[in-house]
file final16.txt (compact mmCIF, C-alpha atoms)
# COMPACT_ATOMS: atom_id res chain seq x y z
CA MET E 1 -38.90 -44.98 2.80
CA ILE E 2 -36.28 -42.24 2.75
CA LEU E 3 -34.84 -41.10 -0.56
CA ILE E 4 -31.42 -39.47 -0.49
CA PHE E 5 -29.86 -37.71 -3.45
CA SER E 6 -26.16 -37.05 -3.07
CA ARG E 7 -22.75 -37.60 -4.62
CA ALA E 8 -20.57 -40.67 -4.17
CA GLY E 9 -17.80 -38.88 -2.29
CA ASP E 10 -19.96 -37.12 0.30
CA SER E 11 -19.14 -38.71 3.62
CA SER E 12 -21.70 -36.61 5.54
CA THR E 13 -24.42 -38.47 3.64
CA LEU E 14 -22.95 -41.73 4.87
CA ASP E 15 -22.75 -40.41 8.45
CA VAL E 16 -26.45 -39.44 8.36
CA MET E 17 -27.32 -42.87 6.94
CA ARG E 18 -25.43 -44.48 9.82
CA TRP E 19 -27.58 -42.50 12.26
CA ILE E 20 -30.77 -43.55 10.43
CA ASN E 21 -29.57 -47.14 10.66
CA HIS E 22 -28.96 -46.68 14.40
CA LEU E 23 -32.35 -45.08 15.05
CA SER E 24 -34.67 -47.04 12.78
CA ASN E 25 -35.14 -49.91 10.37
CA VAL E 26 -36.61 -47.71 7.66
CA LYS E 27 -35.52 -48.41 4.10
CA VAL E 28 -33.12 -45.88 2.59
CA VAL E 29 -32.36 -45.48 -1.10
CA ARG E 30 -29.38 -43.30 -1.93
CA ILE E 31 -28.88 -42.12 -5.49
CA ASN E 32 -25.61 -40.43 -6.39
CA ALA E 33 -25.52 -37.77 -9.11
CA ASP E 34 -22.08 -38.90 -10.28
CA GLN E 35 -23.01 -42.54 -10.80
CA THR E 36 -24.82 -44.08 -13.73
CA TYR E 37 -27.74 -46.36 -13.06
CA SER E 38 -30.18 -48.34 -15.12
CA VAL E 39 -33.30 -46.20 -14.68
CA ASP E 40 -36.91 -46.79 -15.67
CA LEU E 41 -39.08 -43.77 -15.00
CA THR E 42 -42.81 -43.26 -15.49
CA LEU E 43 -44.14 -39.93 -14.35
CA SER E 44 -47.72 -38.66 -14.38
CA GLU E 45 -49.55 -35.58 -13.08
CA ASP E 46 -49.21 -36.49 -9.42
CA ASP E 47 -47.14 -39.63 -9.15
CA PHE E 48 -44.02 -41.34 -10.39
CA HIS E 49 -42.79 -44.91 -10.57
CA LEU E 50 -39.07 -45.43 -10.50
CA ARG E 51 -36.77 -48.39 -10.88
CA VAL E 52 -33.14 -47.62 -10.14
CA ASP E 53 -31.09 -50.73 -10.88
CA ASP E 54 -32.97 -53.33 -8.80
CA ASP E 55 -34.87 -50.94 -6.52
CA ALA E 56 -38.44 -50.18 -7.58
CA PHE E 57 -40.64 -47.68 -5.76
CA CYS E 58 -43.29 -45.03 -6.35
CA LEU E 59 -43.85 -41.61 -4.86
CA ALA E 60 -46.33 -42.92 -2.27
CA ASP E 61 -43.51 -45.04 -0.79
CA VAL E 62 -41.35 -41.98 -0.08
CA SER E 63 -41.97 -40.24 3.25
CA SER E 64 -38.91 -37.96 3.21
CA ALA E 65 -36.36 -36.92 0.63
CA TRP E 66 -33.00 -35.27 1.26
CA LEU E 67 -31.56 -33.29 -1.64
CA ARG E 68 -28.03 -33.22 -0.29
CA LYS E 69 -25.79 -32.86 -3.35
CA GLY E 70 -26.14 -32.68 -7.09
CA ASN E 71 -28.86 -31.36 -9.34
CA PHE E 72 -30.57 -34.15 -11.24
CA TRP E 73 -29.70 -37.68 -10.38
CA PHE E 74 -30.77 -39.71 -13.38
CA ARG E 75 -28.09 -39.14 -15.96
CA GLY E 76 -28.29 -40.39 -19.52
CA LEU E 77 -32.07 -40.61 -19.85
CA PHE E 78 -31.68 -38.57 -23.03
CA SER E 79 -28.88 -39.89 -25.23
CA PRO E 80 -26.91 -37.51 -27.50
CA VAL E 81 -28.35 -37.34 -31.01
CA VAL E 82 -26.24 -36.43 -34.06
CA ALA E 83 -27.60 -35.59 -37.52
CA PRO E 84 -24.46 -36.18 -39.68
CA TRP E 85 -25.71 -33.98 -42.53
CA SER E 86 -26.53 -30.90 -40.45
CA SER E 87 -24.55 -29.53 -37.49
CA ALA E 88 -27.30 -26.90 -37.03
CA LEU E 89 -29.92 -29.63 -36.59
CA SER E 90 -27.61 -31.58 -34.21
CA SER E 91 -27.03 -28.49 -32.12
CA HIS E 92 -30.70 -27.52 -32.07
CA LEU E 93 -31.80 -31.05 -31.13
CA SER E 94 -29.19 -31.13 -28.38
CA HIS E 95 -30.56 -27.89 -26.89
CA ARG E 96 -34.14 -29.17 -27.16
CA LEU E 97 -33.26 -32.44 -25.39
CA GLN E 98 -31.56 -30.46 -22.62
CA ARG E 99 -34.80 -28.51 -22.16
CA GLU E 100 -36.80 -31.75 -22.11
CA ASP E 101 -34.43 -33.03 -19.43
CA ARG E 102 -34.82 -29.80 -17.43
CA ASN E 103 -38.60 -29.92 -17.60
CA LEU E 104 -38.58 -33.54 -16.46
CA ARG E 105 -36.25 -32.65 -13.58
CA ASP E 106 -38.36 -29.66 -12.51
CA HIS E 107 -41.56 -31.70 -12.50
CA PHE E 108 -39.86 -34.49 -10.55
CA HIS E 109 -38.77 -31.96 -7.91
CA TYR E 110 -42.24 -30.41 -7.91
CA LEU E 111 -43.87 -33.77 -7.19
CA LEU E 112 -41.38 -34.49 -4.40
CA GLN E 113 -42.04 -31.10 -2.79
CA LYS E 114 -45.80 -31.56 -3.10
CA ARG E 115 -46.14 -35.10 -1.78
CA CYS E 116 -43.37 -35.69 0.77
CA ALA E 117 -41.16 -33.89 3.26
CA VAL E 118 -38.17 -32.55 1.34
CA LEU E 119 -35.02 -31.37 3.05
CA GLY E 120 -32.63 -29.32 0.95
CA SER E 121 -32.67 -27.16 -2.10
CA ALA E 122 -34.56 -28.48 -5.14
CA THR E 123 -32.37 -26.39 -7.44
CA GLY E 124 -29.30 -28.11 -6.02
CA SER E 125 -27.17 -25.03 -6.32
CA THR E 126 -26.11 -21.96 -4.41
CA PRO E 127 -28.44 -18.97 -4.72
CA ASN E 128 -26.96 -15.95 -6.49
CA LYS E 129 -24.49 -14.48 -3.99
CA LEU E 130 -25.10 -10.88 -5.07
CA ILE E 131 -28.88 -11.17 -4.83
CA VAL E 132 -28.62 -12.90 -1.45
CA LEU E 133 -26.55 -9.96 -0.18
CA GLU E 134 -29.30 -7.61 -1.36
CA HIS E 135 -31.97 -9.70 0.43
CA ALA E 136 -29.85 -9.77 3.59
CA ARG E 137 -29.57 -5.96 3.55
CA GLU E 138 -33.33 -5.60 3.05
CA ILE E 139 -33.89 -7.75 6.14
CA GLY E 140 -31.57 -5.55 8.17
CA LEU E 141 -28.40 -7.62 8.25
CA ARG E 142 -25.11 -5.75 7.77
CA THR E 143 -23.10 -6.81 4.72
CA PRO E 144 -19.61 -5.66 3.66
CA PRO E 145 -19.88 -3.28 0.67
CA PHE E 146 -19.01 -4.95 -2.63
CA SER E 147 -18.39 -4.10 -6.27
CA VAL E 148 -17.93 -6.02 -9.51
CA SER E 149 -15.78 -4.56 -12.25
CA THR E 150 -13.90 -5.29 -15.48
CA SER E 151 -11.66 -2.24 -15.02
CA ARG E 152 -8.07 -2.17 -13.78
CA GLN E 153 -8.59 1.48 -12.86
CA HIS E 154 -11.40 0.46 -10.52
CA VAL E 155 -9.05 -1.96 -8.74
CA GLN E 156 -6.39 0.74 -8.49
CA ARG E 157 -8.92 3.08 -6.88
CA LEU E 158 -9.82 0.37 -4.36
CA LEU E 159 -6.12 -0.13 -3.56
CA GLU E 160 -5.64 3.61 -3.01
CA SER E 161 -8.70 3.93 -0.76
CA ASP E 162 -8.69 3.80 3.06
CA CYS E 163 -10.52 0.49 3.13
CA THR E 164 -8.91 -2.92 2.62
CA TYR E 165 -10.53 -5.23 0.07
CA VAL E 166 -10.64 -8.91 -0.82
CA SER E 167 -11.29 -10.57 -4.16
CA LYS E 168 -13.37 -13.72 -4.35
CA ALA E 169 -15.63 -15.68 -6.66
CA MET E 170 -19.13 -14.39 -7.35
CA SER E 171 -20.36 -17.99 -7.22
CA ASP E 172 -18.78 -20.94 -5.42
CA GLY E 173 -15.13 -20.62 -6.39
CA LEU E 174 -12.99 -23.54 -7.49
CA TYR E 175 -13.40 -26.75 -5.52
CA LEU E 176 -12.47 -29.73 -7.65
CA PHE E 177 -11.24 -33.23 -6.89
CA ASP E 178 -9.92 -34.56 -10.18
CA THR E 179 -10.11 -38.31 -9.64
CA ARG E 180 -9.54 -39.27 -13.27
CA GLU E 181 -6.55 -37.47 -14.79
CA SER E 182 -4.33 -35.43 -12.48
CA LYS E 183 -5.62 -37.08 -9.28
CA ALA E 184 -5.28 -33.80 -7.47
CA GLY E 185 -7.46 -31.23 -5.72
CA TYR E 186 -7.82 -27.66 -7.07
CA PHE E 187 -9.06 -24.78 -4.92
CA THR E 188 -9.42 -21.02 -4.88
CA TYR E 189 -9.81 -18.94 -1.74
CA THR E 190 -10.81 -15.44 -0.76
CA GLU E 191 -7.66 -13.36 -1.34
CA ALA E 192 -6.55 -10.01 0.05
CA LEU E 193 -6.45 -7.37 -2.70
CA GLU E 194 -2.85 -6.14 -2.95
CA PRO E 195 -0.77 -4.29 -5.56
CA ARG E 196 0.67 -7.66 -6.68
CA SER E 197 -2.91 -8.77 -7.50
CA LEU E 198 -2.65 -6.52 -10.59
CA VAL E 199 0.49 -8.14 -11.99
CA GLY E 200 -0.35 -9.33 -15.50
CA VAL E 201 -3.74 -7.60 -15.50
CA GLY E 202 -4.50 -5.44 -18.55
CA GLU E 203 -6.79 -2.42 -18.70
CA ARG E 204 -9.77 -4.76 -18.93
CA MET E 205 -10.26 -8.09 -17.18
CA ALA E 206 -12.98 -10.68 -16.66
CA PRO E 207 -15.69 -9.35 -14.31
CA SER E 208 -14.22 -9.65 -10.82
CA PHE E 209 -15.87 -9.42 -7.41
CA PHE E 210 -14.45 -7.24 -4.63
CA GLN E 211 -15.66 -6.87 -1.07
CA CYS E 212 -14.58 -4.63 1.79
CA TYR E 213 -12.46 -6.60 4.27
CA ILE E 214 -13.85 -6.55 7.81
CA GLU E 215 -11.31 -6.71 10.63
CA LYS E 216 -12.69 -9.65 12.57
CA LYS E 217 -12.95 -10.46 16.20
CA PHE E 218 -14.00 -13.93 15.03
CA GLU E 219 -16.08 -15.47 12.29
CA LEU E 220 -19.21 -17.59 12.51
CA ARG E 221 -20.25 -20.69 10.61
CA ILE E 222 -23.93 -21.34 11.19
CA PHE E 223 -25.67 -24.57 10.21
CA PHE E 224 -29.45 -24.28 10.06
CA LEU E 225 -32.15 -26.91 9.93
CA ASP E 226 -35.68 -25.50 9.70
CA ARG E 227 -35.78 -22.95 12.57
CA MET E 228 -32.74 -24.29 14.41
CA PHE E 229 -29.51 -22.28 14.00
CA LEU E 230 -26.34 -23.92 15.33
CA ALA E 231 -23.35 -21.61 15.32
CA ILE E 232 -19.66 -22.04 15.93
CA ALA E 233 -17.11 -19.26 16.37
CA ILE E 234 -13.79 -19.62 14.55
CA PHE E 235 -10.87 -17.57 15.86
CA SER E 236 -9.06 -17.24 12.56
CA GLN E 237 -7.94 -13.62 12.87
CA ALA E 238 -4.65 -14.12 14.71
CA ASP E 239 -3.16 -16.52 12.16
CA ASP E 240 -1.86 -14.97 8.91
CA GLN E 241 -2.65 -18.18 7.05
CA THR E 242 -6.35 -18.16 8.01
CA ARG E 243 -6.96 -14.44 8.53
CA VAL E 244 -8.57 -13.82 5.13
CA ASP E 245 -10.04 -17.29 4.55
CA TYR E 246 -10.26 -19.76 7.44
CA ARG E 247 -10.51 -22.68 4.96
CA ARG E 248 -6.75 -22.34 4.43
CA TYR E 249 -6.42 -24.52 7.48
CA ASN E 250 -3.34 -24.42 9.65
CA MET E 251 -2.94 -28.10 10.47
CA GLU E 252 -0.01 -27.57 12.84
CA LYS E 253 -1.83 -24.98 14.94
CA PRO E 254 -5.54 -25.15 14.10
CA ASN E 255 -7.85 -22.19 14.75
CA ARG E 256 -9.69 -22.33 18.05
CA VAL E 257 -13.31 -23.31 17.39
CA ILE E 258 -16.11 -23.15 19.98
CA PRO E 259 -19.92 -23.47 19.98
CA PHE E 260 -21.53 -20.03 19.93
CA ARG E 261 -24.97 -18.77 20.98
CA LEU E 262 -26.32 -16.25 18.46
CA PRO E 263 -28.19 -13.13 19.62
CA GLN E 264 -31.95 -13.61 19.21
CA GLU E 265 -32.12 -10.64 16.84
CA ILE E 266 -29.65 -12.30 14.45
CA VAL E 267 -31.54 -15.64 14.65
CA HIS E 268 -34.74 -13.80 13.76
CA LYS E 269 -33.16 -12.06 10.77
CA LEU E 270 -31.54 -15.28 9.54
CA SER E 271 -34.94 -17.02 9.80
CA LEU E 272 -36.47 -14.30 7.64
CA LEU E 273 -33.63 -14.65 5.14
CA SER E 274 -33.92 -18.45 4.89
CA ASP E 275 -37.69 -18.05 4.36
CA LYS E 276 -37.11 -15.49 1.64
CA LEU E 277 -34.63 -17.79 -0.10
CA GLY E 278 -36.89 -20.84 0.33
CA LEU E 279 -34.18 -22.80 2.15
CA ASN E 280 -34.85 -25.20 5.04
CA THR E 281 -31.22 -26.17 5.54
CA GLY E 282 -27.77 -24.85 4.73
CA SER E 283 -24.70 -23.13 6.14
CA ILE E 284 -24.30 -19.41 6.68
CA ASP E 285 -21.02 -17.50 6.98
CA MET E 286 -20.90 -14.38 9.15
CA ILE E 287 -18.24 -12.17 10.70
CA VAL E 288 -18.22 -10.36 14.04
CA ASP E 289 -16.02 -7.26 14.01
CA GLN E 290 -14.05 -5.59 16.79
CA GLU E 291 -17.13 -3.53 17.77
CA ASP E 292 -19.29 -6.69 18.03
CA GLN E 293 -21.19 -5.85 14.85
CA TYR E 294 -22.48 -8.86 12.90
CA TYR E 295 -21.88 -9.02 9.14
CA PHE E 296 -23.57 -11.51 6.84
CA LEU E 297 -21.31 -12.93 4.10
CA GLU E 298 -23.10 -15.77 2.30
CA VAL E 299 -25.28 -18.85 2.51
CA ASN E 300 -24.54 -22.26 1.05
CA PRO E 301 -27.47 -24.72 0.86
CA VAL E 302 -25.18 -27.73 0.48
CA GLY E 303 -22.23 -26.68 2.60
CA GLN E 304 -19.95 -29.05 4.47
CA PHE E 305 -20.70 -29.38 8.18
CA ALA E 306 -18.92 -32.54 9.29
CA GLY E 307 -15.80 -30.91 10.73
CA HIS E 308 -17.70 -28.35 12.83
CA SER E 309 -20.26 -30.92 13.92
CA GLU E 310 -17.45 -33.07 15.26
CA SER E 311 -15.24 -30.35 16.77
CA CYS E 312 -18.14 -28.65 18.62
CA ASN E 313 -20.11 -31.80 19.39
CA LEU E 314 -23.19 -30.51 17.54
CA SER E 315 -24.28 -33.93 16.24
CA ILE E 316 -25.70 -32.36 13.10
CA GLU E 317 -25.78 -35.74 11.36
CA ARG E 318 -28.12 -37.10 14.03
CA LEU E 319 -30.38 -34.03 13.79
CA ILE E 320 -30.72 -34.52 10.04
CA ALA E 321 -31.44 -38.23 10.50
CA GLU E 322 -34.16 -37.42 13.05
CA ARG E 323 -35.66 -34.81 10.70
CA LEU E 324 -35.80 -37.39 7.89
CA LEU E 325 -37.30 -40.04 10.19
CA ALA E 326 -39.91 -37.68 11.65
CA HIS E 327 -42.22 -38.21 8.67
CA GLU E 328 -41.92 -41.99 8.60
CA GLN E 329 -45.18 -43.75 9.50
CA MET I 1 -4.96 -29.72 4.29
CA SER I 2 -3.58 -26.29 3.60
CA SER I 3 -0.03 -27.15 4.60
CA ASP I 4 0.43 -29.17 1.41
CA LEU I 5 -1.27 -26.69 -0.90
CA LYS I 6 0.88 -25.27 -3.69
CA PRO I 7 -0.01 -22.31 -5.95
CA LEU I 8 -0.52 -23.58 -9.49
CA SER I 9 1.54 -21.96 -12.24
CA LEU I 10 -0.90 -21.01 -14.98
CA PRO I 11 -0.12 -20.12 -18.60
CA PRO I 12 -0.48 -16.32 -19.22
CA LEU I 13 -3.32 -16.84 -21.70
CA MET I 14 -5.29 -18.69 -19.03
CA THR I 15 -4.47 -16.20 -16.28
CA GLU I 16 -5.55 -13.12 -18.22
CA ARG I 17 -8.96 -14.65 -18.94
CA LEU I 18 -9.74 -15.50 -15.34
CA PRO I 19 -11.47 -13.10 -12.89
CA LEU I 20 -9.18 -11.95 -10.05
CA GLY I 21 -10.97 -14.31 -7.65
CA TYR I 22 -9.75 -17.29 -9.69
CA ARG I 23 -6.20 -16.23 -10.51
CA ARG I 24 -4.51 -17.96 -7.60
CA ILE I 25 -5.39 -21.62 -7.91
CA PHE I 26 -3.98 -23.95 -5.28
CA VAL I 27 -3.34 -27.61 -5.94
CA SER I 28 -2.87 -30.53 -3.59
CA ASP I 29 -1.49 -33.85 -4.79
CA ASP I 30 -2.02 -35.54 -1.46
CA ILE I 31 -5.80 -35.41 -1.41
CA LEU I 32 -6.30 -38.31 -3.76
CA ASP I 33 -4.28 -41.45 -4.23
CA ASP I 34 -4.93 -44.64 -6.17
CA GLU I 35 -6.81 -46.20 -3.29
CA ALA I 36 -9.00 -43.15 -3.00
CA THR I 37 -10.46 -43.74 -6.42
CA GLU I 38 -11.70 -47.20 -5.46
CA ARG I 39 -15.37 -47.51 -4.72
CA LEU I 40 -16.59 -49.79 -2.01
CA THR I 41 -20.21 -50.63 -1.34
CA PHE I 42 -21.42 -49.88 2.15
CA GLU I 43 -21.74 -53.23 3.84
CA GLN I 44 -25.32 -52.85 5.07
CA SER I 45 -27.36 -54.42 2.32
CA LYS I 46 -30.52 -52.40 2.96
CA TYR I 47 -28.65 -49.34 1.70
CA ARG I 48 -28.61 -49.61 -2.04
CA HIS I 49 -26.11 -47.59 -4.02
CA ALA I 50 -24.29 -46.46 -0.91
CA SER I 51 -20.87 -46.55 -2.52
CA THR I 52 -18.34 -43.92 -1.66
CA HIS I 53 -14.75 -42.94 -2.43
CA VAL I 54 -12.45 -44.30 0.23
CA ARG I 55 -8.83 -43.87 1.12
CA ARG I 56 -8.96 -47.13 3.00
CA PRO I 57 -11.95 -49.35 3.81
CA LEU I 58 -14.51 -47.68 6.09
CA LYS I 59 -12.61 -44.38 6.10
CA PRO I 60 -14.31 -41.95 3.70
CA ILE I 61 -11.80 -39.68 1.96
CA SER I 62 -13.75 -36.49 2.36
CA LYS I 63 -13.88 -36.81 6.14
CA VAL I 64 -11.18 -34.18 6.18
CA GLU I 65 -13.35 -31.20 5.38
CA LEU I 66 -12.29 -28.52 2.94
call {"tool": "encode", "arguments": {"input": "final16.txt", "output": "structure tokens"}}
result
Amino acid sequence: MILIFSRAGDSSTLDVMRWINHLSNVKVVRINADQTYSVDLTLSEDDFHLRVDDDAFCLADVSSAWLRKGNFWFRGLFSPVVAPWSSALSSHLSHRLQREDRNLRDHFHYLLQKRCAVLGSATGSTPNKLIVLEHAREIGLRTPPFSVSTSRQHVQRLLESDCTYVSKAMSDGLYLFDTRESKAGYFTYTEALEPRSLVGVGERMAPSFFQCYIEKKFELRIFFLDRMFLAIAIFSQADDQTRVDYRRYNMEKPNRVIPFRLPQEIVHKLSLLSDKLGLNTGSIDMIVDQEDQYYFLEVNPVGQFAGHSESCNLSIERLIAERLLAHEQ
Amino acid sequence: MSSDLKPLSLPPLMTERLPLGYRRIFVSDDILDDEATERLTFEQSKYRHASTHVRRPLKPISKVEL
């Protein structure tokens, strides 16, 4: 049996499931982090028994698990508790129950990792971008210099320097589909740092991340699965709309996108980095400058790959399905 | 997707508390519509819980990658 943890809106999960369906008759159970189920869970030192709505299974039934999206997928196991006579007790109990929930989640992930083939990040989140940059440098990958500051003066010094800078999020940035209230999507992008960026900024600001802007020849999006690195080159530099952040797609004249063969030296260094980060799948962003120097930007363990898989005929969904089926008896 | 993105006008109190990397928020009203909030169950019964947001049946909304 294959266990898939995802979110309801992730179509790549569905595409992989279609490939599993095409290749095999194996049973698949998909659990979405943003849905509420009726869950019975019994967990011991080295096993668990789960009933999710009307599906019952134990750890021995699971050959492969794919941690595609989300963090913990059994919401509401601990209900909120309120002590009406003491807000301090309510607050303390709430924190304690959160820790109980976290310990349960960590042990569940530990058992999965120990007893079956797990694809994806057990933490379900992006590794710290700043620490990843440090690891990348240690391995010998070039990275654009960065700084984080709360000072307007620091930004002014960057603007007056010879280098061009961008501002971006230290974590994932804003990427929200509000399906309930405004029914709209909200996004932030990497932005060029310009004098107008300081309009309305006081002497002190919230800690902000700045990185040296590299004049690109093209940029690379690299999907990796175990030791396989599949790269595409995106020619985003010539279009003002996509020059700083290719995700600001030009739908009328899309960027040219082609499959790209990475130099063996870069593949080797990226393998070392994925090992160091404990990741067996994810997407890596890199830049190639005008002198053909490769710069590492970031890694996302749960990045989107559907568009590039389709445009460059990489069939990533099939590769993931085959990886999940490889451990089926 | 980007062609219909509009910069969001934020209240000054909100703007001054955000890091520079979050100060320009773009919004798109076209990404979600009423149909997109419907959930349909994937028709193959061996896949439990395979529901997904759809713009129209069998066309997942997030196919257009962001």
call {"tool": "interface_residues", "arguments": {"input": "final16.txt", "of": "chain E", "to": "chain I", "cutoff": "6 Å", "atoms": "all atoms listed in the file", "output": "number ranges by chain"}}
result
E: 8-9, 11, 28-30, 167-169, 183-188, 206-208, 248-249, 307
call {"tool": "atom_distance", "arguments": {"input": "final16.txt", "atom1": "atom CA of Leu14 of chain E", "atom2": "atom CA of Arg323 of chain E"}}
result
15.6 Å
call {"tool": "residues_around", "arguments": {"input": "final16.txt", "residues": "Leu198 of chain E", "least_positions_apart": "2", "cutoff": "9 Å", "atoms": "only C-alpha atoms", "output": "PyMOL selection string"}}
result
(chain E and resi 152+155-156+193-196+200-202) or (chain I and resi 20)
call {"tool": "atom_distance", "arguments": {"input": "final16.txt", "atom1": "atom CA of Ile131 of chain E", "atom2": "atom CA of Glu160 of chain E"}}
result
27.6 Å
call {"tool": "atom_distance", "arguments": {"input": "final16.txt", "atom1": "atom CA of Lys217 of chain E", "atom2": "atom CA of Asp289 of chain E"}}
result
4.9 Å
call {"tool": "residues_around", "arguments": {"input": "final16.txt", "residues": "segment 232-247 of chain E", "least_positions_apart": "4", "cutoff": "10 Å", "atoms": "all atoms listed in the file", "output": "PyMOL selection string"}}
result
(chain E and resi 166+189-192+213-223+253-262+286-288+308-309+311-312+314) or (chain I and resi 1-3+65-66)
call {"tool": "closest_residue", "arguments": {"input": "final16.txt", "among": "E:His49, E:Phe210, E:Asp40, E:Trp19", "to": "Gly76 of chain E", "atoms": "only C-alpha atoms"}}
result
E:Asp40
